[in-house]
Amino acid sequence: MLTKNGKAVLKYMSGNGYGISWTLKSTAGSDVANSVSTAAQRGNFFGALSMMVGSGTTAPTKDDYNLETVESGLTVVSSSSTISNAPSYTQDYILNYSRTYKNSTASPITISEVALYISYNSNNFIITRDIFTPVTLQPDEVYTLSVTIG
Amino acid sequence: MGIMKLNGIDYPDNSGGGGGTTVIANPADPPTQTLNTIQIGSTVYELPTSGNGTPLVQIRGARPTEDAVSTTVTITQV
């Protein structure tokens, strides 16, 4: 589900030029004013997309600004996204982000929620949050999680 | 049955034809005529949404683009 932060990002993308200021709610629950005035800053903003996973099961709402229970015990193997300065016309979605996780611990780890977020000026802003049927990663197991906004 | 009128117009409306042919007057064009009242005998029934040409069925507007945007999640074991 696209959060209010995510909607704000879309509204920002529809703005005219780079001289845009807007407010997002960080994962800490704080309203943070952001501004972008150059193409480089814009690139930094959208280039800072990432993914986090958790074990929460509460249905997402557009007011979510953090995961319910962040899971930080998994190892990130690789990440990829479709964010590009020249997206293809045939790409029938806004963006896709995938990340491969490995359970490098000695204990099973269960995940059931995922969020895409943007890191900017030392703050994290969740733009999507979704839940899914819980998946338990046994030690050394590897899973790829993919989120598409479209 | 006594007289019946739709929007005050006799039904059947034989004003444009003879020989007992049932004729319903074409609605004004434009705009499309909306049925507001039905009169049977001396009683006039006013439809709930009648008046000012309010249509009985309103076409819902398109949803804002933001609400149409959705997310899809997949998870697969490698």
# chains A, B, ... in the order shown; residues from 1 in each chain; ligands from 1

call {"tool": "closest_atom_pairs", "arguments": {"of": "chain B", "to": "chain A", "cutoff": "6 Å", "atoms": "only C-alpha atoms", "output": "JSON lines"}}
result
{"residue": "B:Val69", "atom": "CA", "partner": "A:Gly150", "partner_atom": "CA", "distance": 5.7}
{"residue": "B:Ser70", "atom": "CA", "partner": "A:Gly150", "partner_atom": "CA", "distance": 5.7}
{"residue": "B:Thr71", "atom": "CA", "partner": "A:Ile149", "partner_atom": "CA", "distance": 4.6}
{"residue": "B:Thr72", "atom": "CA", "partner": "A:Thr148", "partner_atom": "CA", "distance": 5.1}
{"residue": "B:Val73", "atom": "CA", "partner": "A:Val147", "partner_atom": "CA", "distance": 4.6}
{"residue": "B:Thr74", "atom": "CA", "partner": "A:Ser146", "partner_atom": "CA", "distance": 5.2}
{"residue": "B:Ile75", "atom": "CA", "partner": "A:Leu145", "partner_atom": "CA", "distance": 4.4}
{"residue": "B:Thr76", "atom": "CA", "partner": "A:Thr144", "partner_atom": "CA", "distance": 5.4}
{"residue": "B:Gln77", "atom": "CA", "partner": "A:Tyr143", "partner_atom": "CA", "distance": 4.2}
{"residue": "B:Val78", "atom": "CA", "partner": "A:Tyr143", "partner_atom": "CA", "distance": 5.2}

call {"tool": "residues_around", "arguments": {"residues": "Tyr120 in chain A", "least_positions_apart": "5", "cutoff": "8 Å", "atoms": "only C-alpha atoms", "output": "list in words"}}
result
Asn44, Phe45, Ala48 and Phe125 of chain A

call {"tool": "atom_distance", "arguments": {"atom1": "CA of Tyr117 in chain A", "atom2": "CA of Asn5 in chain A"}}
result
9.2 Å
